[in-house]
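Note sheet for the following structure.
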Amino acid sequence: MSQAVLEARDVSKAYRRHQVLRGVDLTVWPGQLVAVVGENGSGKSTLLKILAGTLAADRGRVRRCGTLGYCPQDPVLNESLTVGQHLRYFAAARRLSSLARAGELMDLLGYEQYRSQVAGELSGGTRQKLNLTLALLHDPDVLLLDEPYQGFDWETYLRFWDLVGDLLARRRTIVIITHMVFEQDRFDLLADLADGHLTPRGASPGRDDHARR
Amino acid sequence: MPAADLAPSPAGPVARPGAPAFRQFPVAWRFALQNQARNRLAWLLLIVFVPVWYELMASIAGHTPLTFRLYATGRVLTVDGGHLTLITAGLNAVTMIVGFAVFAAVRRTLAFDKRLVFAGYRQATLIAAKTLAIAVIAAAVAAYTSLVLLAFWRPGPAGWAAILAAFTVIALAYGAFGLLLGVLVRNDLEGFFLIIMGSLMDTFLQNPLGNPLANKPVLEWFPSFGPTQFAVAGSLGHTALWDHLALGLAWPAAFAAAGLLIFRARTRTRTRHDHRAAALISAWGHATKKHAPG
């Protein structure tokens with residue numbers, strides 16, 4: 001008696017005459033780590049926006065269960081607010097009563113020292129850390145991350161995977177969009193997006209050994 | 001996943017809805033105001049442009065007597081052209097600064113506001129906070145511009161109060177106009193151009209010094225008509241044209257209503273929080289140790 005947390009059926013999307021997605025199907029189960037891989041312009045971000053509900057598909061159906069965290073590719077921040085103010089703003093949006101999780105995430109991603117700095121003065125990597133933190137602030141059941149580690153240095157990249165390991169250990173579900181995958185065996189499911197079609201490469205049995213260190 | 005992970009629990013990593021939370025309105029209101037006030041160019045315009053503009057306009061106008069017809073009463077006033085010009089210069093400065101500041105702030109944060117709504121911010125709360133912040137900024141700019149006016153002309157308490165009221169109404173109108181353009185236009189230049197052109201046409205056409213054909217009925221259809229009539233009647237004609245002030249308020253109401261409707265449409269999200277489904281996952285996670293096959 002299992003229930004998929006994310007289910008896309010026959011999702012299609014065109015920008016005017018340019019058909020980006022042609023009947024995409026995707027099923028994601030609780031606790032899975034999934035990668036959607038594709039070249040630049042293949043429609044990955046479009047697919048993720050449709051899965052998140054920020055963009056309407058022309059055809060098809062998306063069903064999603066549980067709370068959602070969506071991390072867009074370009075950090076959507078308010079340049080005149082500090083990091084701390086961003087956290088308070090999103091804590092209010094999520095109706096949270098504490099910033100404890102925000103503190104944990106800042107500590108984990110290593111940017112606690114920028115709490116009082118305005119977003120407009122942050123480096124690209126730190127902006128991305130804040131972008132990711134805002135998506136994770138409410139500890140969502142399902143996480144949709146669009147190129148989440150772009151701009152990260154190696155140290156932060158490793159910290160990111162520690163964070164992913166922690167989330168998976170607590171049976172959160174994560175879908176990552178990326179144009180390249182370095183460590184395929186981290187993922188339960190890798191799916192290639194090309195010519196508007198999503199083709200699974202199949203489940204990798206090695207995930208438990210690698211991603212859940 | 002244990003069921004407790006999804007239950008409201010202050011002891012968990014994140015407190016879920018139900019616990020005393022960060023209240024949405026105070027947070028949104030404070031940050032909206034701060035966002036408006038962070039515009040350095042607007043501050044510079046206030047500090048430098050307003051007095052320089054008054055000085056420049058006063059020196060150009062001199063003290064030539066000008067005739068000005070009050071529409072409401074039909075009276076023709078012969079007034080000091082310099083004083084009339086100071087009123088229109090003030091109206092002009094207020095419209096440009098408030099319009100520009102609000103437009104820039106709204107436009108800059110539109111995508112961010114959409115993300116906030118997507119994250120669960122109530123649109124109505126965000127809209128109310130934004131509207132209140134715009135009104136406060138508009139009133140503050142109007143008050144400041146009215147105070148600076150006193151360095152050039154002392155119209156008397158009642159006259160000054162009329163000017164302050166007129167400046168406040170026109171500031172609200174252009175604040176709302178900035179909001180409307182901020183959610184409507186595609187790029188910054190379009191918005192700035194429309195604000196500057198709108199402000200110039202609107203305020204200068206009301207001034208008989210700038211427009212010798214002033215007092216044509218068509219001028220009634222401009223936002224600054226009501227406030228100009230009210231300010232001139234109050235400060236130079238000793239008459240309070242309340243209906244014209246009210247007419248001036250119709251413009252901010254109309255601009256704001258249109259702007260907020262578009263804001264609402266542009267920040268709308270399709271996401272719904274499916275608590276029933278969340279509970280199902282919780283139950284499923286409780287009963288299962290390993291993930292299901294992909």
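The chains in the structure tokens are called A, B, ... from first to last as shown; in each chain the residues are counted from 1, and the ligands are counted from 1 in the order shown.
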Distance query stretch 72-89 of chain A at most 8 Å, only C-alpha atoms, self and fewer than 4 positions along chain excluded, as a ChimeraX atom specification
/A:45,93,99,102,114-121,127-128,130-131,134,137,145-148 /B:22,24,27-28,31,35,38,108-109,111-112,115-116
Excluding B:Val141 and residues on its chain fewer than 5 positions from it, collect all residues at most 9 Å away from it, counting only C-alpha atoms, and give them as a short mmCIF file (atom, residue, chain, number, x, y, z; two decimals) with N, CA and C atoms, in the first residue's frame.
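Saved as selection.cif:
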```cif
data_model
loop_
_atom_site.label_atom_id
_atom_site.label_comp_id
_atom_site.auth_asym_id
_atom_site.auth_seq_id
_atom_site.Cartn_x
_atom_site.Cartn_y
_atom_site.Cartn_z
N LEU B 46 14.90 63.77 -2.65
CA LEU B 46 14.19 64.51 -1.60
C LEU B 46 15.05 65.64 -1.05
N VAL B 94 6.61 65.99 -5.77
CA VAL B 94 6.01 64.87 -5.02
C VAL B 94 5.63 63.73 -5.96
N ILE B 97 8.90 61.90 -7.29
CA ILE B 97 9.66 61.15 -6.29
C ILE B 97 8.86 59.94 -5.79
N VAL B 98 7.61 60.15 -5.44
CA VAL B 98 6.81 59.03 -4.92
C VAL B 98 6.58 58.00 -6.02
N VAL B 136 2.25 55.35 3.77
CA VAL B 136 3.11 56.03 4.75
C VAL B 136 4.23 56.80 4.05
N SER B 146 5.98 69.78 1.76
CA SER B 146 5.21 70.92 2.27
C SER B 146 6.04 71.75 3.26
N PHE B 167 -0.86 67.86 -1.38
CA PHE B 167 0.38 67.11 -1.67
C PHE B 167 0.21 65.64 -1.26
N THR B 168 -0.48 65.43 -0.13
CA THR B 168 -0.67 64.05 0.34
C THR B 168 -1.53 63.27 -0.65
N ALA B 171 0.42 62.58 -3.76
CA ALA B 171 1.45 61.58 -3.46
C ALA B 171 0.83 60.19 -3.44
#
```
Can you pull out every residue within 12 Å of B:Leu189, counting only C-alpha atoms, but drop anything in the same chain fewer than 4 positions away, and send it as number ranges by chain?
B: 100, 103-104, 107, 181-182, 185, 193-197
If you keep N, CA and C atoms, can you produce a file of those selected residues as a PDB file, in the first residue's frame?
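And here is the file that came out, again_26.pdb:
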```
ATOM      1  N   PHE B 100       8.381  57.348  -8.649  1.00  0.00           N
ATOM      2  CA  PHE B 100       9.628  56.647  -8.927  1.00  0.00           C
ATOM      3  C   PHE B 100       9.973  55.661  -7.806  1.00  0.00           C
ATOM      4  N   PHE B 103       7.451  52.712  -7.737  1.00  0.00           N
ATOM      5  CA  PHE B 103       7.642  51.876  -8.932  1.00  0.00           C
ATOM      6  C   PHE B 103       8.888  50.997  -8.776  1.00  0.00           C
ATOM      7  N   ALA B 104       9.999  51.625  -8.379  1.00  0.00           N
ATOM      8  CA  ALA B 104      11.264  50.886  -8.260  1.00  0.00           C
ATOM      9  C   ALA B 104      11.134  49.774  -7.221  1.00  0.00           C
ATOM     10  N   ARG B 107       8.670  46.937  -8.424  1.00  0.00           N
ATOM     11  CA  ARG B 107       9.230  46.170  -9.530  1.00  0.00           C
ATOM     12  C   ARG B 107      10.368  45.255  -9.073  1.00  0.00           C
ATOM     13  N   LEU B 181       2.251  50.635 -12.381  1.00  0.00           N
ATOM     14  CA  LEU B 181       3.290  50.458 -13.405  1.00  0.00           C
ATOM     15  C   LEU B 181       4.270  49.367 -12.990  1.00  0.00           C
ATOM     16  N   GLY B 182       4.564  49.289 -11.700  1.00  0.00           N
ATOM     17  CA  GLY B 182       5.519  48.299 -11.196  1.00  0.00           C
ATOM     18  C   GLY B 182       5.087  46.869 -11.479  1.00  0.00           C
ATOM     19  N   VAL B 185       4.450  47.058 -16.298  1.00  0.00           N
ATOM     20  CA  VAL B 185       5.349  47.270 -17.442  1.00  0.00           C
ATOM     21  C   VAL B 185       6.456  46.224 -17.482  1.00  0.00           C
ATOM     22  N   PHE B 193       9.855  56.379 -17.699  1.00  0.00           N
ATOM     23  CA  PHE B 193       9.413  57.326 -18.723  1.00  0.00           C
ATOM     24  C   PHE B 193       7.944  57.708 -18.493  1.00  0.00           C
ATOM     25  N   LEU B 194       7.124  56.725 -18.228  1.00  0.00           N
ATOM     26  CA  LEU B 194       5.690  56.992 -18.024  1.00  0.00           C
ATOM     27  C   LEU B 194       5.458  57.852 -16.784  1.00  0.00           C
ATOM     28  N   ILE B 195       6.241  57.607 -15.738  1.00  0.00           N
ATOM     29  CA  ILE B 195       6.066  58.406 -14.516  1.00  0.00           C
ATOM     30  C   ILE B 195       6.484  59.858 -14.767  1.00  0.00           C
ATOM     31  N   ILE B 196       7.646  60.036 -15.404  1.00  0.00           N
ATOM     32  CA  ILE B 196       8.140  61.399 -15.633  1.00  0.00           C
ATOM     33  C   ILE B 196       7.211  62.149 -16.589  1.00  0.00           C
ATOM     34  N   MET B 197       6.831  61.490 -17.672  1.00  0.00           N
ATOM     35  CA  MET B 197       5.953  62.154 -18.631  1.00  0.00           C
ATOM     36  C   MET B 197       4.581  62.450 -18.024  1.00  0.00           C
TER      37      MET B 197
END
```
For chain A versus chain B, which residues have an atom no more than 6 Å away, and what is each residue's nearest atom pair and distance in Å rounded to one decimal, using only C-alpha atoms, chain-then-number order, as a tab-separated table?
```
residue	atom	partner	partner_atom	distance
A:Gly31	CA	B:His291	CA	5.8
A:Gly53	CA	B:Arg270	CA	5.3
A:Cys65	CA	B:Ala277	CA	5.0
A:Gly66	CA	B:Ala278	CA	3.9
A:Val76	CA	B:Phe112	CA	5.6
A:Leu77	CA	B:Phe112	CA	5.7
A:Ala92	CA	B:Phe22	CA	4.6
A:Ala93	CA	B:Tyr121	CA	4.3
A:Arg94	CA	B:Gly120	CA	5.6
A:Arg95	CA	B:Ala21	CA	5.1
A:Leu96	CA	B:Ala21	CA	4.9
A:Ser97	CA	B:Ala21	CA	3.9
A:Arg101	CA	B:Pro13	CA	5.6
A:Arg171	CA	B:Met1	CA	5.5
```
Selected residues written out with N, CA and C atoms, as a tab-separated table (two decimals), in the first residue's frame:
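Output file result_28.tsv is given in full below:
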```tsv
chain	number	residue	atom	x	y	z
A	31	GLY	N	10.99	9.17	0.26
A	31	GLY	CA	12.36	8.83	0.65
A	31	GLY	C	13.32	8.66	-0.51
A	53	GLY	N	4.37	23.63	-9.35
A	53	GLY	CA	3.09	24.34	-9.42
A	53	GLY	C	3.24	25.83	-9.69
A	65	CYS	N	2.02	15.10	-2.93
A	65	CYS	CA	1.56	14.92	-1.56
A	65	CYS	C	2.54	15.58	-0.60
A	66	GLY	N	2.03	16.05	0.49
A	66	GLY	CA	2.91	16.58	1.55
A	66	GLY	C	3.35	18.00	1.28
A	76	VAL	N	15.92	33.77	-5.97
A	76	VAL	CA	14.92	34.85	-5.94
A	76	VAL	C	14.97	35.46	-4.55
A	77	LEU	N	15.69	36.58	-4.44
A	77	LEU	CA	15.92	37.20	-3.14
A	77	LEU	C	15.52	38.67	-3.21
A	92	ALA	N	7.71	33.66	8.58
A	92	ALA	CA	6.35	34.19	8.66
A	92	ALA	C	5.48	33.56	7.56
A	93	ALA	N	6.04	33.42	6.36
A	93	ALA	CA	5.29	32.80	5.26
A	93	ALA	C	4.87	31.38	5.64
A	94	ARG	N	5.79	30.66	6.25
A	94	ARG	CA	5.53	29.26	6.62
A	94	ARG	C	4.84	29.12	7.96
A	95	ARG	N	4.61	30.26	8.62
A	95	ARG	CA	4.01	30.29	9.96
A	95	ARG	C	4.81	29.46	10.95
A	96	LEU	N	6.11	29.61	10.90
A	96	LEU	CA	6.97	28.90	11.85
A	96	LEU	C	7.08	29.71	13.13
A	97	SER	N	7.42	29.04	14.19
A	97	SER	CA	7.53	29.75	15.46
A	97	SER	C	8.98	29.91	15.89
A	101	ARG	N	15.66	25.83	12.74
A	101	ARG	CA	16.06	25.08	11.55
A	101	ARG	C	16.92	25.95	10.63
A	171	ARG	N	13.66	10.35	5.66
A	171	ARG	CA	12.68	9.97	4.64
A	171	ARG	C	12.03	11.15	3.93
```
Compile the contact shell of A:Ala14 as an MDAnalysis selection string: residues with an atom at most 12 Å away, counting only C-alpha atoms, same-chain residues fewer than 4 positions apart removed.
chainID A and resid 18:23 42:43 46:47 55:59 196
Would you save the residues from that selection as an mmCIF file, in the first residue's frame, using C-alpha atoms?
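File written: out-v4.cif
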```
data_model
loop_
_atom_site.group_PDB
_atom_site.id
_atom_site.type_symbol
_atom_site.label_atom_id
_atom_site.label_comp_id
_atom_site.auth_asym_id
_atom_site.auth_seq_id
_atom_site.Cartn_x
_atom_site.Cartn_y
_atom_site.Cartn_z
ATOM 1 C CA HIS A 18 8.799 25.462 -29.384
ATOM 2 C CA GLN A 19 7.649 22.189 -27.833
ATOM 3 C CA VAL A 20 9.712 21.724 -24.649
ATOM 4 C CA LEU A 21 8.025 18.779 -22.941
ATOM 5 C CA ARG A 22 6.250 15.986 -24.849
ATOM 6 C CA GLY A 23 4.273 13.771 -22.538
ATOM 7 C CA SER A 42 16.292 20.714 -22.548
ATOM 8 C CA GLY A 43 13.331 21.847 -20.432
ATOM 9 C CA THR A 46 10.269 24.026 -17.042
ATOM 10 C CA LEU A 47 9.504 20.527 -15.813
ATOM 11 C CA LEU A 55 3.976 27.064 -14.100
ATOM 12 C CA ALA A 56 0.923 25.585 -15.792
ATOM 13 C CA ALA A 57 1.365 22.673 -18.179
ATOM 14 C CA ASP A 58 -0.414 22.719 -21.527
ATOM 15 C CA ARG A 59 -1.481 19.122 -21.001
ATOM 16 C CA GLY A 196 10.945 16.616 -24.519
#
```
Name the residues of stretch 23-145 of chain A that come out as helix (DSSP H, G or I) in a backbone DSSP run; write them as a count of residues only.
49
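Of the residues under consideration (A:Thr199, A:His179, A:Leu190, A:Val164), A:His179 shows the shortest atom-to-atom contact distance to A:Gly41 when counting only C-alpha atoms.
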